[in-house]
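K.L.:
Have a look at this one.
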Amino acid sequence: MAVALTDEQRLLQDTVREFAARELLPVAAELDQQARFPADILAKAAALGLMGLTVPEEYGGPGLDLVASVVAQEELARASAGFQTIVSVNNALVCDPIVRWGTDAQKRRYLPDLVAGRRLGCYCLTEPTSGSDAMSLRTVAALEDGEWVLNGTKVFVTSGVEASLCVVYARSENIPGAAGVSAFLVEKSFPGLTVGKVEKKLGIRCSSTAELLFDGCRVPAENMLGARGEGGKIALATLDGGRIGIAAQALGITRACLEESTAYVQQRKQFGRAIAEFQAIQWALADMATRLDAARLLTHRAAALRGAGRPCAKEAAMAKLFASETAMWAAHRAVQLFGGYGYIQDYPVERYFRDAKITEIYEGTSEIQRVVISRRVLAEA
Amino acid sequence: MPGLLVIATLADGALSRSSLELVGGARALDQGLRSGVAAALLGHGSGLGDAAKALHQHGVASVYRVDHPALDVGQSDAYLRAAEQVAHRVSPDVILVSADTVGREVAPRLAHRLKAALVTECVELAAEGAEVVAKRQAYGGRALATYVVRRKPAVLSVKPRVLDAAIPAPVQGTVEDVAVDLEAQPPARVREVIKEKSEVGLEDANIVVGGGRGLGGPDGFAAVQALADVLGAAVGSSRPPADAGWVPISWQIGQTGKTIRPALYIAVGISGATQHVAGMAGSRTIVAINRDPEAPIFGIAHLGIVGDYREVIPPLIAKIKELKGQ
Amino acid sequence: MDVIVCLKQVVDPELPARDFAIDPATRRQVREGRPLVLSTYDENALEVALQLRDRGNVKVTALTIAPQTTVGDAVRLALAMGADEAVVVDDPRSPARPGAEIAAMLASAIRKIGSFDLVLTGCESADWVERVVAPLLAEELAATCVTFVSQVETHDGALVVRRQAEDGVHVVEARLPAVISISSDETNKPRLPKVKDIITAKRKPLQTWSLEDLEPPGDGSMADVDIRDVAIPRRDARCEFIQGDPAEAAGKLAQRLRALKLL
């Protein structure tokens with residue numbers, strides 16, 4: 001570990017590592033191969049308190065700081081990136097905005113269930129015609145008889161199939177861009193909401209990725225999250241936390257690559273010796289370890305800033321950008337270090353390769369992260 | 001009065017094998033100490049007479065016999081009090097107790113009551129002049145600790161199946177019946193003994209096949225059992241299968257668990273943690289079958305096959321049957 | 001019911017062989033720089049105590065004799081798992097002490113705690129593996145003793161326990177007060193602490209005592225023994241790997257066993 005953890009954070013790390021060893025590592029390959037949603041393991045994770053790590057005690061959560069949450073999530077991702085995706089979305093994209101923007105009634109109604117695993121959350125922002133250009137979204141919300149009626153299509157919704165609570169961004173005002181968007185807490189059971197196409201993915205296959213169809217979906221007025229027109233602000237602030245969660249995911253994947261590669265090269269013998277004795281191999285491990293530590297330091301810094309309530313958009317973007325590109329690079333390297341065996345599904349590195357790619361794309365592509373960072377750099381100049 | 005006192009017990013109505021191991025150990029010590037070996041024979045029923053004779057047959061002249069119905073399977077409090085009272089009668093310098101289920105409770109408590117020195121789980125005993133030198137495993141079997149017992153009395157508990165049983169050396173012996181005062185309601189009382197399945201006793205088997213975490217689950221033990229059947233062997237396991245409930249705990253071989261010294265031990269899907277090795281390192285020939293060429297078990301095995309047990313065991317069984325003419 | 005669980009912190013027994021070393025001066029394992037964990041079966045003992053607590057009306061106190069500077073993690077874990085309070089007797093020399101001394105000190109500490117119905121320990125410590133603490137504690141405290149127990153149930157103010165034996169299981173009735181040592185089985189796998197309990201552990205009562213706070217051991221102390229040496233035995237076996245695909249190798253192995261007259 002490059003960063004000094006508190007005693008509690010260390011115990012948390014050991015605990016989640018042990019949980020991952022008992023529950024995730026033995027089945028991670030199978031979950032990926034079968035694209036099976038890990039409902040039973042999620043229930044155990046919820047029992048430990050992993051589904052709402054930073055939710056305050058008064059709403060049933062452990063009230064952890066964000067650095068501790070990142071530490072825990074790195075351990076989960078090390079075992080199964082797909083599993084951690086589900087946990088990260090629930091924590092950062094659903095629980096967190098409710099804690100920050102929700103009314104007391106909304107918090108009481110949803111947070112205890114989300115923490116306890118009785119409800120799973122999902123986040124509906126992206127649409128077929130609005131990805132990076134998120135605020136051009138076209139899903140509309142119209143006020144009718146004191147209820148909001150949503151119409152539109154959301155795509156790439158993680159846990160879209162299994163979630164029972166959706167944070168949905170829709171245009172409630174006749175204004176283009178972010179200022180016209182509001183956020184809504186939509187229960188899956190509200191009339192007019194159906195799950196559409198379920199995607200088959202390259203990686204993180206144990207999490208479901210679905211299309212959600214809003215066709216006259218009726219949402220009670222008290223389920224708006226925040227004020228009218230605040231949705232854009234909520235989405236962006238939420239994404240900062242989401243990015244830190246994805247950075248944690250990337251850390252876990254990178255560490256998995258480093259640990260598996262280190263073990264393998266010490267075992268694999270060619271030309272009469274362990275390949276760990278060849279300098280090119282050694283340098284690859286040196287680079288992997290260095291970049292992992294750097295990514296972790298960036299991630300923990302962003303988490304510390306956000307946890308302290310300080311602005312962190314640039315730092316979160318840096319962490320996500322660097323950690324995700326590191327994960328992809330490390331996985332690519334790891335497959336190469338394993339040689340032919342790196343291509344075979346009996347070994348985990350091909351899964352890390354497939355899982356790593358999404359970290360460069362979702363919750364803001366690397367290109368968008370660079371836009372965020374450069375704007376800050378130029379503004380601060 | 002004899003200086004060495006062996007606490008002898010019955011198993012299945014006859015003198016227990018571990019008692020003979022203690023006698024063997026005591027006689028070897030006595031070659032150096034020259035203070036005489038006696039036995040406290042604790043039990044109940046008609047087997048006691050033959051057991052006393054067996055002790056005479058194996059070189060123990062003085063037998064102090066305690067016959068009491070409370071001296072039944074697992075009743076540690078009774079054995080403790082009986083041993084204590086015989087010890088007061090005999091005032092030995094060294095008391096040997098087998099570190100079996102009851103002995104491991106009795107030995108420390110006896111030492112406490114007698115204010116005696118205590119060394120438990122001994123695997124080697126020797127006399128150096130007037131002193132007893134005892135060795136025991138430490139650190140999960142990674143190290144061997146040597147103790148010098150200078151003070152008397154001393155209580156030593158001995159790991160079963162490690163010392164050689166005494167060879168016959170008949171002597172003219174005596175039997176003194178000792179009346180003891182035991183509690184009518186002991187603090188701990190065995191209500192039920194539940195025996196676990198094992199056709200061939202694990203500790204007495206000439207050949208043992210052990211299964212480990214590498215079997216993947218309880219079903220993996222079917223292959224291990226099939227191999228054991230064709231070899232006439234007993235089945236054991238390392239710790240993970242026992243902890244996970246795949247097999248009964250009494251099948252566990254290791255520092256916590258049974259110590260075995262068969263002529264042949266075949267370890268299937270066992271990584272070879274020192275804790276397990278401590279329980280079977282005395283096997284004459286060790287064969288290991290494991291998918292991982294770096295598994296520590298290959299550091300102690302004499303013969304090894306790197307491979308998946310599912311692919312190795314069936315042809316192994318077939319070839320054994322063929323060679324045995326079945 | 002007041003339950004006291006005695007815990008010992010040891011160097012991780014899963015340490016790789018290359019990190020295992022004996023210090024010739026102390027004749028004990030080198031601890032510096034090595035990871036420390038709760039002794040294996042002590043975790044099972046804690047789990048058994050917590051299961052009794054889950055069923056109602058039980059207070060669990062974690063007790064340890066250890067160097068205060070290192071034992072924090074073990075105590076934190078015990079409290080996070082669910083122990084109600086902890087007592088640490090600060091003793092920098094404790095890692096080197098034999099079980100008989102530790103048992104006498106634990107007895108003093110338990111008398112100072114005041115009340116207990118049940119004391120649980122691990123069946124053996126992962127490092128020194130003497131298996132003496134529970135029986136000696138029982139003598140010191142004039143309590144019932146049962147060792148190598150995997151399950152404990154209360155029944156009419158007494159205990160019914162399952163003791164692991166050579167050939168199976170003994171079901172034993174034990175009067176309180178009792179000292180029971182715990183071995184592992186599938187019913188007592190140590191629970192993982194909940195995240196919120198990891199945070200609230202620091203709010204639970206933790207007392208730290210020095211050796212001077214304990215009554216010195218009485219005259220009942222047993223004659224001690226001298227440890228002359230602790231050595232790592234050499235293993236000379238060189239494994240002969242049988243070559244070939246699985247079926248070939250299996251066939252050759254069978255031939256070798258026949259040649260060794262083992263068939």
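Ordering of the structure tokens sets the chain letters (A, B, ...); residue numbers start at 1 within each chain; ligands are numbered from 1 in the order shown.
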Given a cut-off of 7 Å, which residues of chain B touch chain C, counting only C-alpha atoms, written out as a ChimeraX atom specification?
P.N.:
/B:101,105,108-109,112,115-117,120-121,138-140,142-151,187-196,231,242-245,250,298-305,307,311-312,315-316,319-320
K.L.:
Up to 8 Å from chain C, what residues of chain A turn up? Count only C-alpha atoms and give them as a PyMOL selection string.
P.N.:
chain A and resi 7-8+11-12+15+18-19+47-50+53+61-64
K.L.:
To one decimal place, how far is atom CA of B:Asp67 from atom CA of B:His44 in Å?
P.N.:
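Going from atom CA of B:Asp67 over to atom CA of B:His44 covers 4.8 Å.
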K.L.:
Find the spatial neighbours of stretch 86-88 of chain A, counting only C-alpha atoms, within a cut-off of 10 Å - ignore same-chain residues fewer than 3 positions away - and output them as JSON, numbers by chain.
P.N.:
{"A": [37, 38, 42, 45, 46, 50, 51, 52, 53, 69, 70, 73, 76, 77, 81, 82, 83, 91, 92, 93, 94, 95, 120, 121, 122, 158, 159, 163, 204, 206, 207, 208, 241, 242, 243, 244, 245, 246, 248, 249]}
K.L.:
Can I get the selection written as a compact mmCIF listing (two decimals), in the first residue's frame, with C-alpha atoms?
P.N.:
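Final file, again-v1.txt:
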```txt
# COMPACT_ATOMS: atom_id res chain seq x y z
CA PHE A 37 -26.10 -11.76 -11.66
CA PRO A 38 -24.60 -12.44 -8.20
CA LEU A 42 -24.84 -9.02 -3.07
CA ALA A 45 -22.30 -7.72 0.85
CA ALA A 46 -25.34 -5.76 1.98
CA LEU A 50 -21.00 -2.62 1.61
CA MET A 51 -23.95 -1.33 -0.42
CA GLY A 52 -24.13 2.13 1.16
CA LEU A 53 -20.71 2.68 2.70
CA SER A 69 -15.14 3.37 0.67
CA VAL A 70 -12.49 3.43 -2.06
CA GLN A 73 -14.19 -1.12 -3.34
CA LEU A 76 -14.04 -6.03 -4.32
CA ALA A 77 -12.82 -5.08 -7.78
CA ALA A 81 -14.77 -6.02 -11.42
CA GLY A 82 -18.31 -6.87 -12.49
CA PHE A 83 -19.43 -7.31 -8.90
CA ASN A 91 -23.12 3.59 -3.54
CA ALA A 92 -22.04 6.54 -5.67
CA LEU A 93 -24.77 7.07 -8.20
CA VAL A 94 -27.85 6.27 -6.13
CA CYS A 95 -27.22 6.46 -2.36
CA LEU A 120 -30.87 -2.16 -5.64
CA GLY A 121 -30.30 1.16 -7.36
CA CYS A 122 -29.56 2.14 -10.92
CA THR A 158 -26.10 -0.84 -15.01
CA SER A 159 -28.32 -3.19 -12.94
CA ALA A 163 -32.75 -2.58 -9.74
CA ILE A 204 -18.16 -6.89 -16.42
CA CYS A 206 -22.11 -10.40 -14.20
CA SER A 207 -23.69 -6.96 -14.04
CA SER A 208 -26.72 -6.38 -16.22
CA GLY A 241 -18.23 10.53 -6.89
CA GLY A 242 -19.00 7.96 -9.55
CA ARG A 243 -15.66 8.61 -11.19
CA ILE A 244 -13.87 7.98 -7.93
CA GLY A 245 -15.72 4.68 -7.67
CA ILE A 246 -14.63 3.70 -11.17
CA ALA A 248 -11.32 2.30 -7.40
CA GLN A 249 -12.53 -0.36 -9.80
```
K.L.:
Among stretch 58-265 of chain B, which ones does DSSP place in helix (DSSP H, G or I), written as a ChimeraX atom specification?
P.N.:
/B:76-90,103-114,139-141,213-215,218-231,239-243,249-251
K.L.:
Let's see if you can do this: from backbone DSSP, list all strand (DSSP E or B) residues in stretch 35-222 of chain C, as a ChimeraX atom specification.
P.N.:
/C:36-38,59-66,85-90,118-122,144-155,158-165,168-174,178-182,206-210
K.L.:
Write the residues you've just listed into a file as a PDB file, in the first residue's frame, and include C-alpha atoms for each of them.
P.N.:
```
ATOM      1  CA  LEU C  36       0.392 -10.495  13.374  1.00  0.00           C
ATOM      2  CA  VAL C  37      -3.019 -12.134  13.466  1.00  0.00           C
ATOM      3  CA  LEU C  38      -5.407 -13.617  15.975  1.00  0.00           C
ATOM      4  CA  LYS C  59     -22.073 -10.410  27.603  1.00  0.00           C
ATOM      5  CA  VAL C  60     -18.806 -11.168  25.813  1.00  0.00           C
ATOM      6  CA  THR C  61     -15.524  -9.798  27.098  1.00  0.00           C
ATOM      7  CA  ALA C  62     -12.368 -10.245  25.050  1.00  0.00           C
ATOM      8  CA  LEU C  63      -9.270 -10.726  27.204  1.00  0.00           C
ATOM      9  CA  THR C  64      -5.699 -10.787  26.030  1.00  0.00           C
ATOM     10  CA  ILE C  65      -2.229 -10.701  27.524  1.00  0.00           C
ATOM     11  CA  ALA C  66      -0.008  -9.034  24.965  1.00  0.00           C
ATOM     12  CA  GLU C  85     -15.769  -5.003  25.840  1.00  0.00           C
ATOM     13  CA  ALA C  86     -12.095  -5.786  25.931  1.00  0.00           C
ATOM     14  CA  VAL C  87      -9.382  -6.071  28.545  1.00  0.00           C
ATOM     15  CA  VAL C  88      -5.717  -5.923  27.629  1.00  0.00           C
ATOM     16  CA  VAL C  89      -3.034  -6.880  30.115  1.00  0.00           C
ATOM     17  CA  ASP C  90       0.012  -5.114  28.770  1.00  0.00           C
ATOM     18  CA  LEU C 118     -17.864 -19.358  30.854  1.00  0.00           C
ATOM     19  CA  VAL C 119     -14.326 -18.868  29.626  1.00  0.00           C
ATOM     20  CA  LEU C 120     -13.557 -19.815  26.040  1.00  0.00           C
ATOM     21  CA  THR C 121     -10.107 -20.280  24.552  1.00  0.00           C
ATOM     22  CA  GLY C 122      -8.758 -21.720  21.343  1.00  0.00           C
ATOM     23  CA  THR C 144     -15.359 -27.461  34.686  1.00  0.00           C
ATOM     24  CA  CYS C 145     -12.991 -28.267  31.834  1.00  0.00           C
ATOM     25  CA  VAL C 146     -13.809 -29.607  28.366  1.00  0.00           C
ATOM     26  CA  THR C 147     -11.404 -29.228  25.442  1.00  0.00           C
ATOM     27  CA  PHE C 148     -11.601 -29.468  21.640  1.00  0.00           C
ATOM     28  CA  VAL C 149     -15.235 -28.478  21.606  1.00  0.00           C
ATOM     29  CA  SER C 150     -16.849 -27.320  18.397  1.00  0.00           C
ATOM     30  CA  GLN C 151     -20.362 -26.449  19.518  1.00  0.00           C
ATOM     31  CA  VAL C 152     -21.691 -25.040  22.785  1.00  0.00           C
ATOM     32  CA  GLU C 153     -25.329 -24.856  23.810  1.00  0.00           C
ATOM     33  CA  THR C 154     -26.874 -23.744  27.036  1.00  0.00           C
ATOM     34  CA  HIS C 155     -29.387 -26.036  28.673  1.00  0.00           C
ATOM     35  CA  ALA C 158     -25.582 -25.805  32.313  1.00  0.00           C
ATOM     36  CA  LEU C 159     -23.849 -26.464  29.001  1.00  0.00           C
ATOM     37  CA  VAL C 160     -24.119 -29.227  26.453  1.00  0.00           C
ATOM     38  CA  VAL C 161     -21.071 -29.316  24.238  1.00  0.00           C
ATOM     39  CA  ARG C 162     -19.727 -31.425  21.403  1.00  0.00           C
ATOM     40  CA  ARG C 163     -16.121 -32.466  21.901  1.00  0.00           C
ATOM     41  CA  GLN C 164     -14.041 -33.738  18.989  1.00  0.00           C
ATOM     42  CA  ALA C 165     -12.561 -37.140  19.824  1.00  0.00           C
ATOM     43  CA  GLY C 168     -15.985 -39.242  16.562  1.00  0.00           C
ATOM     44  CA  VAL C 169     -17.822 -36.817  18.799  1.00  0.00           C
ATOM     45  CA  HIS C 170     -18.596 -36.852  22.514  1.00  0.00           C
ATOM     46  CA  VAL C 171     -21.697 -35.019  23.673  1.00  0.00           C
ATOM     47  CA  VAL C 172     -20.760 -33.707  27.103  1.00  0.00           C
ATOM     48  CA  GLU C 173     -22.813 -32.016  29.794  1.00  0.00           C
ATOM     49  CA  ALA C 174     -20.779 -29.443  31.664  1.00  0.00           C
ATOM     50  CA  ALA C 178     -16.638 -23.759  32.879  1.00  0.00           C
ATOM     51  CA  VAL C 179     -13.524 -23.284  30.793  1.00  0.00           C
ATOM     52  CA  ILE C 180     -13.996 -24.673  27.307  1.00  0.00           C
ATOM     53  CA  SER C 181     -11.413 -24.780  24.525  1.00  0.00           C
ATOM     54  CA  ILE C 182     -12.737 -24.503  21.011  1.00  0.00           C
ATOM     55  CA  LEU C 206     -11.397  -1.074  26.531  1.00  0.00           C
ATOM     56  CA  GLN C 207      -9.397  -1.439  29.706  1.00  0.00           C
ATOM     57  CA  THR C 208      -5.641  -1.732  29.748  1.00  0.00           C
ATOM     58  CA  TRP C 209      -3.952  -3.134  32.803  1.00  0.00           C
ATOM     59  CA  SER C 210      -0.291  -3.537  33.626  1.00  0.00           C
TER      60      SER C 210
END
```
K.L.:
Need to verify the contact set: B:Leu71, 10 Å, only C-alpha atoms, exclusion of same-chain residues closer than 3 positions in sequence. Can you return it as a list in words?
P.N.:
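Listing them by chain and then by number gives Thr9, Leu10, Leu42, Gly43, His44, Gly45, Val66, Asp67, His68, Gly74, Gln75, Ser76, Asp77, Ala78, Tyr79, Leu80, Ala82 and Leu182 of chain B.
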K.L.:
Keeping only N, CA and C atoms, write the selected residues as a tab-separated table (two decimals), in the first residue's frame.
P.N.:
```tsv
chain	number	residue	atom	x	y	z
B	9	THR	N	-4.64	-47.12	29.83
B	9	THR	CA	-6.10	-47.14	29.73
B	9	THR	C	-6.53	-48.27	28.79
B	10	LEU	N	-7.83	-48.50	28.74
B	10	LEU	CA	-8.38	-49.52	27.86
B	10	LEU	C	-8.97	-48.87	26.62
B	42	LEU	N	-6.18	-47.71	34.49
B	42	LEU	CA	-7.45	-47.10	34.88
B	42	LEU	C	-8.54	-47.54	33.92
B	43	GLY	N	-9.57	-48.13	34.46
B	43	GLY	CA	-10.67	-48.54	33.58
B	43	GLY	C	-11.74	-49.27	34.34
B	44	HIS	N	-12.48	-50.04	33.60
B	44	HIS	CA	-13.58	-50.76	34.23
B	44	HIS	C	-13.88	-52.01	33.43
B	45	GLY	N	-14.18	-53.08	34.15
B	45	GLY	CA	-14.69	-54.26	33.46
B	45	GLY	C	-13.69	-55.40	33.36
B	66	VAL	N	-6.99	-49.55	38.91
B	66	VAL	CA	-8.19	-48.89	39.43
B	66	VAL	C	-9.37	-49.33	38.58
B	67	ASP	N	-10.31	-49.99	39.21
B	67	ASP	CA	-11.48	-50.50	38.51
B	67	ASP	C	-12.69	-49.73	39.03
B	68	HIS	N	-13.25	-48.89	38.16
B	68	HIS	CA	-14.38	-48.07	38.61
B	68	HIS	C	-15.27	-47.79	37.41
B	74	GLY	N	-14.18	-41.10	27.64
B	74	GLY	CA	-14.31	-39.65	27.68
B	74	GLY	C	-14.49	-39.01	29.03
B	75	GLN	N	-14.51	-39.79	30.10
B	75	GLN	CA	-14.82	-39.20	31.42
B	75	GLN	C	-13.55	-38.67	32.07
B	76	SER	N	-13.07	-37.56	31.57
B	76	SER	CA	-11.78	-37.01	32.00
B	76	SER	C	-11.70	-36.76	33.50
B	77	ASP	N	-12.76	-36.23	34.09
B	77	ASP	CA	-12.70	-35.90	35.52
B	77	ASP	C	-12.40	-37.15	36.34
B	78	ALA	N	-12.97	-38.28	35.94
B	78	ALA	CA	-12.74	-39.52	36.68
B	78	ALA	C	-11.29	-39.97	36.51
B	79	TYR	N	-10.81	-39.95	35.28
B	79	TYR	CA	-9.42	-40.36	35.02
B	79	TYR	C	-8.45	-39.45	35.76
B	80	LEU	N	-8.78	-38.17	35.80
B	80	LEU	CA	-7.90	-37.21	36.48
B	80	LEU	C	-7.80	-37.55	37.97
B	82	ALA	N	-8.51	-40.35	39.47
B	82	ALA	CA	-7.90	-41.67	39.70
B	82	ALA	C	-6.39	-41.56	39.54
B	182	LEU	N	-14.01	-41.19	43.75
B	182	LEU	CA	-14.35	-40.35	42.59
B	182	LEU	C	-15.65	-39.62	42.82
```
K.L.:
Wanna dump the chain B-chain A contacts at 10 Å for me, each residue with its shortest atom pair and the distance in Å to one decimal, counting only C-alpha atoms, ordered by chain and number, as CSV?
P.N.:
```
residue,atom,partner,partner_atom,distance
B:Asp292,CA,A:Gln267,CA,9.9
B:Pro293,CA,A:Gln267,CA,8.8
B:Glu294,CA,A:Gln267,CA,7.5
```
K.L.:
Now that the selection is made, can you save its residues with C-alpha atoms as a PDB file, in the first residue's frame?
P.N.:
```pdb
ATOM      1  CA  ASP B 292       0.408 -27.260  -8.837  1.00  0.00           C
ATOM      2  CA  PRO B 293       4.060 -28.177  -9.405  1.00  0.00           C
ATOM      3  CA  GLU B 294       5.057 -25.623  -6.752  1.00  0.00           C
TER       4      GLU B 294
END
```
K.L.:
I need the residue nearest A:Asp293 from this list: A:Thr326, A:Ala39, A:Thr262, A:Gly196. Use only C-alpha atoms for the distance.
P.N.:
A:Thr326
